[in-house]
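Engineer: Mind having a look at this structure? Questions to follow.
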Amino acid sequence: MRYDLINNNQLLASYRNSVTSVHFPVGTPTLVAAKDELQTGLEGLLGRKILIQTNLSNASIVVGTVKSSNIIASLGMDQQLTKVGEEGFVILTTKKDQKNVIAIAANSDVGVLHGVFHFLRLLQTGQTIQNLSITSAPKIKYRLLDHWDNLNRSVERGYAGFSIWNWHTLPDYIDQRYIDYARANASIGINGAVVTNVNANATILTKEYLEKVAALANVFRTYGIKIYLTGRFSAPIEIGKLKTADPLNEDVKRWWKNKIDEIYTYIPDFGGFLIKANSEGQPGPQDYKRSHADGANMFAEALAPHGGIVMWRAFVYSNESPEDRLKQAYAEFKPLDGKFNDNVAVQVKNGPLDFQPREPFSPLFGAMTKTPLFMEYQLTQEYLGFSTHLVFMAPLFKEVLDADTYAKGKGSTVAQVIDGSLYGHSLSGMAGVANIGNDIDWTGHPFGQANWYTLGRLSWDHDLSSAQIANEWIRQTFGNDKGLVDTVAKMMLSSREAVVNYMTPLGLHHIMGYGHHYGPAPWFDKASRADWNPVYFHRADSIGIGFDRTSKGTNYLSQYAPELRKKYEDISTCPEDLLLWFHHVSWNHKMKSGRTLWEELCYKYYSGVDSVRRMQKEWNSLEKQVDKQRFQQIKMLLAIQEKEAVWWRNSCLLYFQTFSKMPIPPNYEKPDHTLEYYKNLNFPFAPGNGK
Ligand code: GCU
């Protein structure tokens with residue numbers, strides 16, 4: 001949304017020629033917002049004032065719905081408009097009085113807003129606006145940001161400052177940030193925000209706070225964004241003075257029904273609840289020997305008359321169970337398939353563990369046929385270097401979406417599960433745990449914005465490729481110069497594999513620092529629960545390394561379709577990028593490269609660091625093409641990333657070497673510290689604990 005003047009003179013001249021004046025009648029706040037955006041955008045991009053008016057009969061651009069604009073109504077666009085639903089738009093070059101006009105049309109005001117943003121994107125990314133014929137509708141219905149923001153403004157796993165929600169000054173003070181947040185989201189099609197942490201606080205449901213939430217909802221509404229809250233399961237006890245929160249208890253049900261009715265008096269279009277229950281110490285229905293379905297349905301019944309939904313999280317693993325943690329969500333949720341009310345979706349993290357640099361897709365995506373499943377990604381980089389590492393996540397997201405579950409035969413991709421098409425669900429959703437805070441650049445790292453952007457664009461259209469998304473984002477963020485676009489795209493598109501390589505190559509996982517999750521600690525074994533310890537996950541010993549989840553091990557693999565089971569069960573067909581996720585592999589195992597496992601591990605860790613150094617060189621080559629401030633900022637951040645990549649590489653290899661007893665090949669630079677040095681590093685104030 002920089003809207004910098006277009007610096008290609010030829011293009012600028014041709015845009016100026018096509019965009020002379022705009023017919024745009026506005027009768028609602030959303031249409032006013034769309035018009036203002038178009039005005040700001042065009043004036044910035046074209047460097048001149050553009051006449052935007054209600055009654056221009058000879059404008060070169062006409063904007064609106066059939067209802068809001070008599071010109072749009074007269075253009076006969078019904079056929080295109082039937083394709084774009086409630087939120088989509090049509091952008092069409094057509095004829096009016098024998099003259100070419102560009103029509104930006106939709107069935108709703110919010111559709112018009114989306115169309116306006118898309119039109120601006122065409123100009124920002126240097127595309128032709130001759131002969132346009134675009135129809136666009138979202139493939140996924142609920143496109144959400146989940147904020148893990150606490151009421152005291154700390155952010156759980158937040159690395160971009162404090163929460164942007166200033167609960168103290170709400171509802172009276174409307175920070176411009178709230179408006180800009182809504183604009184940014186609308187520009188990429190995000191239509192919902194869960195504003196509170198999944199580790200929920202019942203206080204948000206009190207009258208005083210609902211007034212504050214309503215003030216935010218009022219801002220968001222104009223931009224087509226609904227507000228959602230997290231529901232603390234024990235709220236009836238904590239703020240309702242009941243003795244129980246049993247979801248089958250009539251008083252409890254009544255309490256929630258009244259509470260939800262009350263919420264709708266403040267926020268008539270309240271979206272619903274996101275709920276974390278019986279997970280990591282959060283209260284839930286199992287406290288009363290009830291199931292997740294009993295809990296979810298209680299909320300669902302109270303929300304249904306208002307059109308609200310429940311997003312019930314599948315991120316559960318029990319304190320007591322000695323079972324492989326990765327198997328537990330499936331074990332709990334699969335038997336409940338078909339038991340949830342119509343307005344309940346189960347929200348599943350992309351992988352079975354917890355947002356690691358690489359995980360296989362969660363087996364739940366191939367297992368629940370009767371329940372709509374929402375995808376939960378994590379934009380905040382809890383396990384990907386916090387906000388100091390440049391990691392473009394589109395390749396990670398796409399890898400999961402494109403994965404084949406084989407649930408209904410070959411070609412049953414996770415994307416088809418998520419968009420509802422595989423089983424004909426009308427509820428469909430994709431959420432990203434937000435990486436936004438009150439840092440001046442919103443995300444701590446300017447490239448963190450690319451992940452926010454990706455969530456929006458992919459939830460609108462999951463067929464977009466990572467390269468397309470990167471290309472769009474770079475052009476809008478840094479400019480359209482081809483050399484610059486190519487160089488930054490190279491950096492972004494290789495960055496995810498780089499982080500995998502310098503942190504957790506070959507299927508390693510969960511070997512980060514305890515609690516704060518900052519940096520490497522594969523040696524850590526002091527956590528109270530086995531499955532919070534890195535040693536539980538890598539299982540290195542004198543023979544080899546990796547977690548046997550085949551039929552000879554925990555048989556986690558049994559939760560996948562037979563086709564996948566077969567492929568992963570056999571060490572010779574198991575993809576090497578997840579080898580240690582599924583197998584305990586001997587140090588001498590021959591890899592496809594001809595190297596032994598130990599040599600391959602060294603190779604991967606070293607190539608991860610090399611990739612970061614390459615990114616640094618690439619960035620340095622752009623000094624003249626990027627403004628000084630952003631150039632310096634990103635240069636400093638890349639230097640931190642390089643330092644930390646070396647830290648990961650050295651400490652992990654030195655530690656694993658105590659088991660393999662094999663040398664780091666002589667052609668590699670030597671670790672510059674001892675293992676003891678790394679083990680003794682301490683980070684009492686690492687950010688993101690959310691306390
Ligand atoms: C991770 C994260 C927690 C978070 C949890 C969740 O475990 O470290 O801070 O609460 O995920 O997704 O609920």
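Here's how to read the names in the structure tokens: chain A, B, ... by the order shown, residue numbers from 1 in each chain, ligand numbers from 1 in the order shown.
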Kindly provide the residues of chain A that approach ligand 1 to within 9 Å, each paired with its closest atom pair and their distance in Å to one decimal, based on only C-alpha atoms and all ligand atoms, listed by chain and increasing number, as a Markdown table.

Structural biologist:
| residue | atom | partner | partner_atom_place_in_ligand_line | distance |
| --- | --- | --- | --- | --- |
| A:Trp148 | CA | ligand 1 | 10 (O) | 7.9 |
| A:Glu156 | CA | ligand 1 | 9 (O) | 5.8 |
| A:Arg157 | CA | ligand 1 | 9 (O) | 6.0 |
| A:Asn197 | CA | ligand 1 | 10 (O) | 8.0 |
| A:Val198 | CA | ligand 1 | 13 (O) | 6.1 |
| A:Asn199 | CA | ligand 1 | 10 (O) | 6.0 |
| A:Lys276 | CA | ligand 1 | 13 (O) | 6.6 |
| A:Ser279 | CA | ligand 1 | 13 (O) | 7.2 |
| A:Glu280 | CA | ligand 1 | 13 (O) | 7.3 |
| A:Arg313 | CA | ligand 1 | 13 (O) | 8.3 |
| A:Phe315 | CA | ligand 1 | 12 (O) | 6.4 |
| A:Val316 | CA | ligand 1 | 13 (O) | 8.4 |
| A:Lys349 | CA | ligand 1 | 12 (O) | 8.0 |
| A:Leu353 | CA | ligand 1 | 7 (O) | 8.8 |
| A:Asp354 | CA | ligand 1 | 1 (C) | 6.2 |
| A:Phe355 | CA | ligand 1 | 1 (C) | 8.1 |
| A:Gln378 | CA | ligand 1 | 12 (O) | 8.8 |
| A:Glu382 | CA | ligand 1 | 8 (O) | 7.3 |
| A:Tyr383 | CA | ligand 1 | 8 (O) | 8.9 |
| A:Val433 | CA | ligand 1 | 12 (O) | 8.7 |
| A:Gly515 | CA | ligand 1 | 8 (O) | 7.6 |
| A:His516 | CA | ligand 1 | 8 (O) | 8.0 |
| A:His517 | CA | ligand 1 | 8 (O) | 7.7 |
| A:Gly688 | CA | ligand 1 | 9 (O) | 8.2 |
| A:Asn689 | CA | ligand 1 | 9 (O) | 7.0 |
| A:Gly690 | CA | ligand 1 | 9 (O) | 7.6 |

Engineer: Would you write out those residues with N, CA and C atoms, as a JSON list (two decimals), in the first residue's frame?

Structural biologist:
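The resulting file, again06.json, is shown below:
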[["chain", "number", "residue", "atom", "x", "y", "z"],
["A", 148, "TRP", "N", -2.55, -14.07, 18.86],
["A", 148, "TRP", "CA", -2.35, -14.67, 20.18],
["A", 148, "TRP", "C", -2.04, -13.53, 21.17],
["A", 156, "GLU", "N", 1.66, -13.78, 22.88],
["A", 156, "GLU", "CA", 2.26, -15.11, 22.96],
["A", 156, "GLU", "C", 2.90, -15.44, 21.61],
["A", 157, "ARG", "N", 4.18, -15.76, 21.65],
["A", 157, "ARG", "CA", 4.96, -16.03, 20.43],
["A", 157, "ARG", "C", 4.94, -14.84, 19.48],
["A", 197, "ASN", "N", -5.88, -14.26, 22.38],
["A", 197, "ASN", "CA", -5.05, -15.48, 22.47],
["A", 197, "ASN", "C", -5.90, -16.74, 22.67],
["A", 198, "VAL", "N", -5.46, -17.83, 22.05],
["A", 198, "VAL", "CA", -6.14, -19.13, 22.27],
["A", 198, "VAL", "C", -6.02, -19.59, 23.73],
["A", 199, "ASN", "N", -4.94, -19.21, 24.37],
["A", 199, "ASN", "CA", -4.86, -19.43, 25.82],
["A", 199, "ASN", "C", -5.65, -18.27, 26.43],
["A", 276, "LYS", "N", -9.51, -23.33, 22.22],
["A", 276, "LYS", "CA", -8.47, -24.31, 22.57],
["A", 276, "LYS", "C", -8.93, -24.92, 23.88],
["A", 279, "SER", "N", -5.99, -28.74, 26.21],
["A", 279, "SER", "CA", -4.71, -28.76, 25.53],
["A", 279, "SER", "C", -3.77, -27.88, 26.32],
["A", 280, "GLU", "N", -2.62, -28.40, 26.64],
["A", 280, "GLU", "CA", -1.59, -27.64, 27.35],
["A", 280, "GLU", "C", -2.16, -26.90, 28.57],
["A", 313, "ARG", "N", -10.18, -26.20, 18.06],
["A", 313, "ARG", "CA", -8.82, -26.59, 17.66],
["A", 313, "ARG", "C", -8.52, -28.06, 17.95],
["A", 315, "PHE", "N", -5.44, -29.09, 18.20],
["A", 315, "PHE", "CA", -4.09, -29.14, 18.78],
["A", 315, "PHE", "C", -4.21, -29.64, 20.22],
["A", 316, "VAL", "N", -4.30, -30.94, 20.37],
["A", 316, "VAL", "CA", -4.45, -31.50, 21.71],
["A", 316, "VAL", "C", -3.42, -32.61, 21.90],
["A", 349, "LYS", "N", -3.65, -27.71, 12.82],
["A", 349, "LYS", "CA", -2.36, -27.15, 12.41],
["A", 349, "LYS", "C", -1.86, -27.90, 11.19],
["A", 353, "LEU", "N", 2.72, -31.89, 14.59],
["A", 353, "LEU", "CA", 3.45, -31.52, 15.80],
["A", 353, "LEU", "C", 3.19, -30.06, 16.14],
["A", 354, "ASP", "N", 3.96, -29.15, 15.60],
["A", 354, "ASP", "CA", 3.78, -27.77, 16.05],
["A", 354, "ASP", "C", 4.59, -26.79, 15.19],
["A", 355, "PHE", "N", 4.16, -26.55, 13.97],
["A", 355, "PHE", "CA", 4.73, -25.48, 13.15],
["A", 355, "PHE", "C", 6.25, -25.55, 12.97],
["A", 378, "GLN", "N", 1.14, -20.93, 10.96],
["A", 378, "GLN", "CA", 1.69, -19.96, 11.90],
["A", 378, "GLN", "C", 2.55, -18.95, 11.14],
["A", 382, "GLU", "N", 7.68, -18.69, 15.43],
["A", 382, "GLU", "CA", 8.07, -19.29, 16.71],
["A", 382, "GLU", "C", 9.24, -20.27, 16.53],
["A", 383, "TYR", "N", 9.17, -21.07, 15.50],
["A", 383, "TYR", "CA", 10.20, -22.09, 15.27],
["A", 383, "TYR", "C", 11.04, -21.79, 14.03],
["A", 433, "VAL", "N", -1.67, -17.76, 12.34],
["A", 433, "VAL", "CA", -1.38, -17.13, 13.62],
["A", 433, "VAL", "C", -0.57, -15.87, 13.32],
["A", 515, "GLY", "N", 11.03, -23.82, 26.34],
["A", 515, "GLY", "CA", 10.17, -22.74, 26.84],
["A", 515, "GLY", "C", 10.07, -21.57, 25.88],
["A", 516, "HIS", "N", 11.18, -20.82, 25.78],
["A", 516, "HIS", "CA", 11.15, -19.65, 24.88],
["A", 516, "HIS", "C", 11.30, -20.06, 23.41],
["A", 517, "HIS", "N", 11.86, -21.24, 23.18],
["A", 517, "HIS", "CA", 12.03, -21.77, 21.82],
["A", 517, "HIS", "C", 13.05, -21.01, 20.99],
["A", 688, "GLY", "N", 8.48, -13.43, 23.56],
["A", 688, "GLY", "CA", 7.44, -14.29, 23.01],
["A", 688, "GLY", "C", 6.79, -15.27, 23.97],
["A", 689, "ASN", "N", 7.27, -15.28, 25.23],
["A", 689, "ASN", "CA", 6.65, -16.21, 26.17],
["A", 689, "ASN", "C", 5.21, -15.83, 26.51],
["A", 690, "GLY", "N", 4.87, -14.58, 26.20],
["A", 690, "GLY", "CA", 3.49, -14.15, 26.37],
["A", 690, "GLY", "C", 3.05, -13.96, 27.80]]

Engineer: Contacts of Arg143 in chain A at 9 Å or less, counting only C-alpha atoms, minus same-chain residues fewer than 2 places along, as a compact mmCIF listing (two decimals) with all heavy atoms, in the first residue's frame?

Structural biologist:
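Output (part_36.txt):
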# COMPACT_ATOMS: atom_id res chain seq x y z
N ILE A 140 -11.88 -20.04 -0.60
CA ILE A 140 -12.09 -20.42 0.80
C ILE A 140 -12.92 -19.34 1.48
O ILE A 140 -12.70 -18.15 1.27
CB ILE A 140 -10.72 -20.63 1.48
CG1 ILE A 140 -10.11 -21.94 0.94
CG2 ILE A 140 -10.84 -20.67 3.00
CD1 ILE A 140 -8.73 -22.25 1.43
N LYS A 141 -13.87 -19.78 2.29
CA LYS A 141 -14.86 -18.84 2.81
C LYS A 141 -14.36 -18.02 4.02
O LYS A 141 -14.57 -16.83 4.10
CB LYS A 141 -16.09 -19.65 3.22
CG LYS A 141 -17.33 -18.82 3.38
CD LYS A 141 -18.57 -19.69 3.40
CE LYS A 141 -19.74 -18.90 3.94
NZ LYS A 141 -20.86 -19.74 4.33
N LEU A 145 -7.02 -14.15 10.41
CA LEU A 145 -5.81 -14.01 11.21
C LEU A 145 -6.17 -14.35 12.65
O LEU A 145 -7.17 -13.86 13.18
CB LEU A 145 -5.29 -12.58 11.18
CG LEU A 145 -4.55 -12.12 9.92
CD1 LEU A 145 -4.10 -10.68 10.10
CD2 LEU A 145 -3.34 -13.00 9.65
N GLY A 189 -7.79 -9.77 0.91
CA GLY A 189 -8.97 -10.65 1.00
C GLY A 189 -9.21 -11.31 2.35
O GLY A 189 -10.09 -12.16 2.46
N ILE A 190 -8.46 -10.95 3.38
CA ILE A 190 -8.71 -11.54 4.70
C ILE A 190 -10.03 -10.97 5.23
O ILE A 190 -10.27 -9.77 5.15
CB ILE A 190 -7.53 -11.25 5.65
CG1 ILE A 190 -6.37 -12.17 5.23
CG2 ILE A 190 -7.90 -11.47 7.11
CD1 ILE A 190 -5.07 -11.90 5.94
N ASN A 191 -10.91 -11.84 5.74
CA ASN A 191 -12.23 -11.37 6.15
C ASN A 191 -12.58 -11.69 7.60
O ASN A 191 -13.76 -11.63 7.98
CB ASN A 191 -13.31 -11.89 5.20
CG ASN A 191 -13.46 -13.41 5.27
OD1 ASN A 191 -12.76 -14.08 6.04
ND2 ASN A 191 -14.37 -13.96 4.49
N GLY A 192 -11.58 -12.05 8.40
CA GLY A 192 -11.88 -12.29 9.80
C GLY A 192 -10.64 -12.15 10.66
O GLY A 192 -9.52 -12.42 10.21
N ALA A 193 -10.85 -11.69 11.91
CA ALA A 193 -9.73 -11.58 12.84
C ALA A 193 -10.17 -12.09 14.21
O ALA A 193 -11.17 -11.61 14.75
CB ALA A 193 -9.26 -10.15 12.95
N SER A 428 -15.53 -23.52 4.92
CA SER A 428 -14.13 -23.78 4.59
C SER A 428 -13.30 -22.65 5.16
O SER A 428 -13.77 -21.50 5.20
CB SER A 428 -13.94 -23.89 3.09
OG SER A 428 -14.37 -22.71 2.45
N GLY A 429 -12.09 -22.96 5.60
CA GLY A 429 -11.33 -21.90 6.24
C GLY A 429 -9.83 -22.11 6.28
O GLY A 429 -9.33 -23.24 6.23
N MET A 430 -9.13 -20.99 6.32
CA MET A 430 -7.67 -21.01 6.48
C MET A 430 -7.30 -19.86 7.41
O MET A 430 -7.77 -18.73 7.23
CB MET A 430 -7.00 -20.80 5.12
CG MET A 430 -5.51 -20.96 5.16
SD MET A 430 -4.72 -20.52 3.58
CE MET A 430 -5.08 -21.94 2.59
N ALA A 431 -6.49 -20.18 8.42
CA ALA A 431 -6.12 -19.16 9.40
C ALA A 431 -4.60 -19.10 9.52
O ALA A 431 -3.91 -20.11 9.34
CB ALA A 431 -6.73 -19.49 10.76
N GLY A 432 -4.10 -17.93 9.84
CA GLY A 432 -2.68 -17.79 10.12
C GLY A 432 -2.52 -17.16 11.49
O GLY A 432 -3.17 -16.15 11.78
N LEU A 455 -0.74 -15.41 3.31
CA LEU A 455 -1.94 -16.00 3.93
C LEU A 455 -3.20 -15.50 3.24
O LEU A 455 -4.10 -16.26 2.89
CB LEU A 455 -1.93 -15.65 5.42
CG LEU A 455 -2.84 -16.38 6.40
CD1 LEU A 455 -4.18 -15.71 6.63
CD2 LEU A 455 -3.05 -17.86 6.08
N GLY A 456 -3.22 -14.18 3.01
CA GLY A 456 -4.39 -13.60 2.36
C GLY A 456 -4.55 -14.12 0.94
O GLY A 456 -5.62 -14.61 0.55
N SER A 459 -5.36 -17.92 0.74
CA SER A 459 -6.69 -18.33 1.20
C SER A 459 -7.74 -17.86 0.19
O SER A 459 -8.80 -18.45 0.07
CB SER A 459 -6.98 -17.82 2.60
OG SER A 459 -6.88 -16.42 2.67
N TRP A 460 -7.42 -16.84 -0.56
CA TRP A 460 -8.31 -16.41 -1.65
C TRP A 460 -8.18 -17.37 -2.82
O TRP A 460 -9.16 -17.82 -3.40
CB TRP A 460 -7.94 -14.99 -2.09
CG TRP A 460 -8.89 -14.39 -3.09
CD1 TRP A 460 -8.88 -14.60 -4.44
CD2 TRP A 460 -9.99 -13.51 -2.83
NE1 TRP A 460 -9.90 -13.89 -5.03
CE2 TRP A 460 -10.59 -13.21 -4.07
CE3 TRP A 460 -10.51 -12.93 -1.68
CZ2 TRP A 460 -11.71 -12.36 -4.19
CZ3 TRP A 460 -11.61 -12.08 -1.80
CH2 TRP A 460 -12.20 -11.81 -3.04

Engineer: Quick one: which range 522-630 of chain A residues come within 9 Å of range 484-503 of chain A, and what is the nearest atom pair for each with the distance in Å to one decimal, counting only C-alpha atoms, rows ordered by chain and ascending number, as a Markdown table?

Structural biologist:
| residue | atom | partner | partner_atom | distance |
| --- | --- | --- | --- | --- |
| A:Leu601 | CA | A:Asn501 | CA | 8.8 |
| A:Tyr603 | CA | A:Asn501 | CA | 8.9 |
| A:Lys604 | CA | A:Asn501 | CA | 5.2 |
| A:Tyr605 | CA | A:Tyr502 | CA | 4.7 |
| A:Tyr606 | CA | A:Tyr502 | CA | 7.1 |
| A:Ser607 | CA | A:Asn501 | CA | 6.8 |
| A:Gly608 | CA | A:Tyr502 | CA | 4.4 |
| A:Val609 | CA | A:Tyr502 | CA | 6.0 |
| A:Asp610 | CA | A:Ala498 | CA | 8.4 |
| A:Ser611 | CA | A:Ala498 | CA | 5.8 |
| A:Val612 | CA | A:Ala498 | CA | 6.9 |
| A:Arg614 | CA | A:Met491 | CA | 8.2 |
| A:Met615 | CA | A:Met491 | CA | 5.6 |
| A:Gln616 | CA | A:Met491 | CA | 8.9 |
| A:Glu618 | CA | A:Thr487 | CA | 6.5 |
| A:Trp619 | CA | A:Val488 | CA | 7.5 |
| A:Ser621 | CA | A:Thr487 | CA | 8.7 |
| A:Leu622 | CA | A:Leu484 | CA | 6.8 |
| A:Gln625 | CA | A:Leu484 | CA | 7.2 |
| A:Val626 | CA | A:Leu484 | CA | 8.8 |

Engineer: Kindly provide the residues of range 293-320 of chain A that approach range 325-337 of chain A to within 12 Å, each paired with its closest atom pair and their distance in Å to one decimal, based on only C-alpha atoms, listed by chain and increasing number, as CSV.

Structural biologist:
residue,atom,partner,partner_atom,distance
A:Ala293,CA,A:Leu336,CA,6.7
A:Asp294,CA,A:Leu336,CA,9.8
A:Gly295,CA,A:Leu336,CA,11.8
A:Ala296,CA,A:Leu336,CA,11.2
A:Asn297,CA,A:Leu336,CA,11.8
A:Trp312,CA,A:Phe333,CA,10.7
A:Arg313,CA,A:Ala329,CA,9.7
A:Ala314,CA,A:Ala329,CA,6.0
A:Phe315,CA,A:Ala329,CA,6.5
A:Val316,CA,A:Ala329,CA,5.6
A:Tyr317,CA,A:Gln328,CA,5.7
A:Ser318,CA,A:Gln328,CA,7.6
A:Asn319,CA,A:Arg325,CA,9.7
A:Glu320,CA,A:Arg325,CA,10.8

Engineer: Near range 384-386 of chain A, counting only C-alpha atoms, which residues have an atom at most 8 Å away, once you skip same-chain residues fewer than 6 positions from it, shown as a short mmCIF file (atom, residue, chain, number, x, y, z; two decimals) with all heavy atoms, in the first residue's frame?

Structural biologist:
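The resulting around.cif:
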data_model
loop_
_atom_site.label_atom_id
_atom_site.label_comp_id
_atom_site.auth_asym_id
_atom_site.auth_seq_id
_atom_site.Cartn_x
_atom_site.Cartn_y
_atom_site.Cartn_z
N TYR A 159 6.80 -11.46 18.11
CA TYR A 159 8.18 -10.96 18.01
C TYR A 159 8.22 -9.61 17.31
O TYR A 159 9.22 -9.22 16.74
CB TYR A 159 9.05 -11.98 17.28
CG TYR A 159 8.85 -13.38 17.83
CD1 TYR A 159 8.08 -14.31 17.14
CD2 TYR A 159 9.36 -13.73 19.08
CE1 TYR A 159 7.85 -15.58 17.66
CE2 TYR A 159 9.13 -14.99 19.62
CZ TYR A 159 8.37 -15.90 18.91
OH TYR A 159 8.12 -17.14 19.44
N GLN A 356 6.76 -26.75 12.83
CA GLN A 356 8.20 -26.92 12.63
C GLN A 356 8.58 -26.48 11.20
O GLN A 356 7.72 -26.38 10.33
CB GLN A 356 8.58 -28.38 12.83
CG GLN A 356 8.34 -28.88 14.25
CD GLN A 356 9.17 -28.13 15.26
OE1 GLN A 356 10.38 -28.20 15.25
NE2 GLN A 356 8.51 -27.37 16.13
N PRO A 357 9.89 -26.23 10.98
CA PRO A 357 10.31 -25.82 9.62
C PRO A 357 9.82 -26.78 8.53
O PRO A 357 9.46 -26.36 7.45
CB PRO A 357 11.84 -25.82 9.71
CG PRO A 357 12.11 -25.50 11.16
CD PRO A 357 11.01 -26.18 11.94
N VAL A 499 16.23 -22.42 6.00
CA VAL A 499 15.98 -22.54 7.44
C VAL A 499 15.83 -24.01 7.83
O VAL A 499 16.28 -24.44 8.90
CB VAL A 499 14.77 -21.68 7.89
CG1 VAL A 499 13.44 -22.27 7.50
CG2 VAL A 499 14.78 -21.45 9.39
N TYR A 518 13.91 -20.26 21.63
CA TYR A 518 14.92 -19.49 20.91
C TYR A 518 16.19 -20.33 20.74
O TYR A 518 16.76 -20.81 21.73
CB TYR A 518 15.22 -18.21 21.68
CG TYR A 518 16.30 -17.34 21.08
CD1 TYR A 518 16.21 -16.88 19.77
CD2 TYR A 518 17.41 -16.97 21.83
CE1 TYR A 518 17.20 -16.09 19.22
CE2 TYR A 518 18.40 -16.16 21.30
CZ TYR A 518 18.30 -15.73 19.98
OH TYR A 518 19.27 -14.93 19.44
N GLY A 519 16.62 -20.47 19.51
CA GLY A 519 17.89 -21.14 19.25
C GLY A 519 17.85 -22.64 19.49
O GLY A 519 16.84 -23.21 19.91
N GLN A 641 20.71 -13.32 11.14
CA GLN A 641 20.31 -14.64 10.64
C GLN A 641 21.55 -15.51 10.36
O GLN A 641 21.57 -16.69 10.68
CB GLN A 641 19.47 -14.47 9.36
CG GLN A 641 18.88 -15.77 8.84
CD GLN A 641 17.86 -15.54 7.74
OE1 GLN A 641 17.61 -14.41 7.34
NE2 GLN A 641 17.26 -16.61 7.25
#
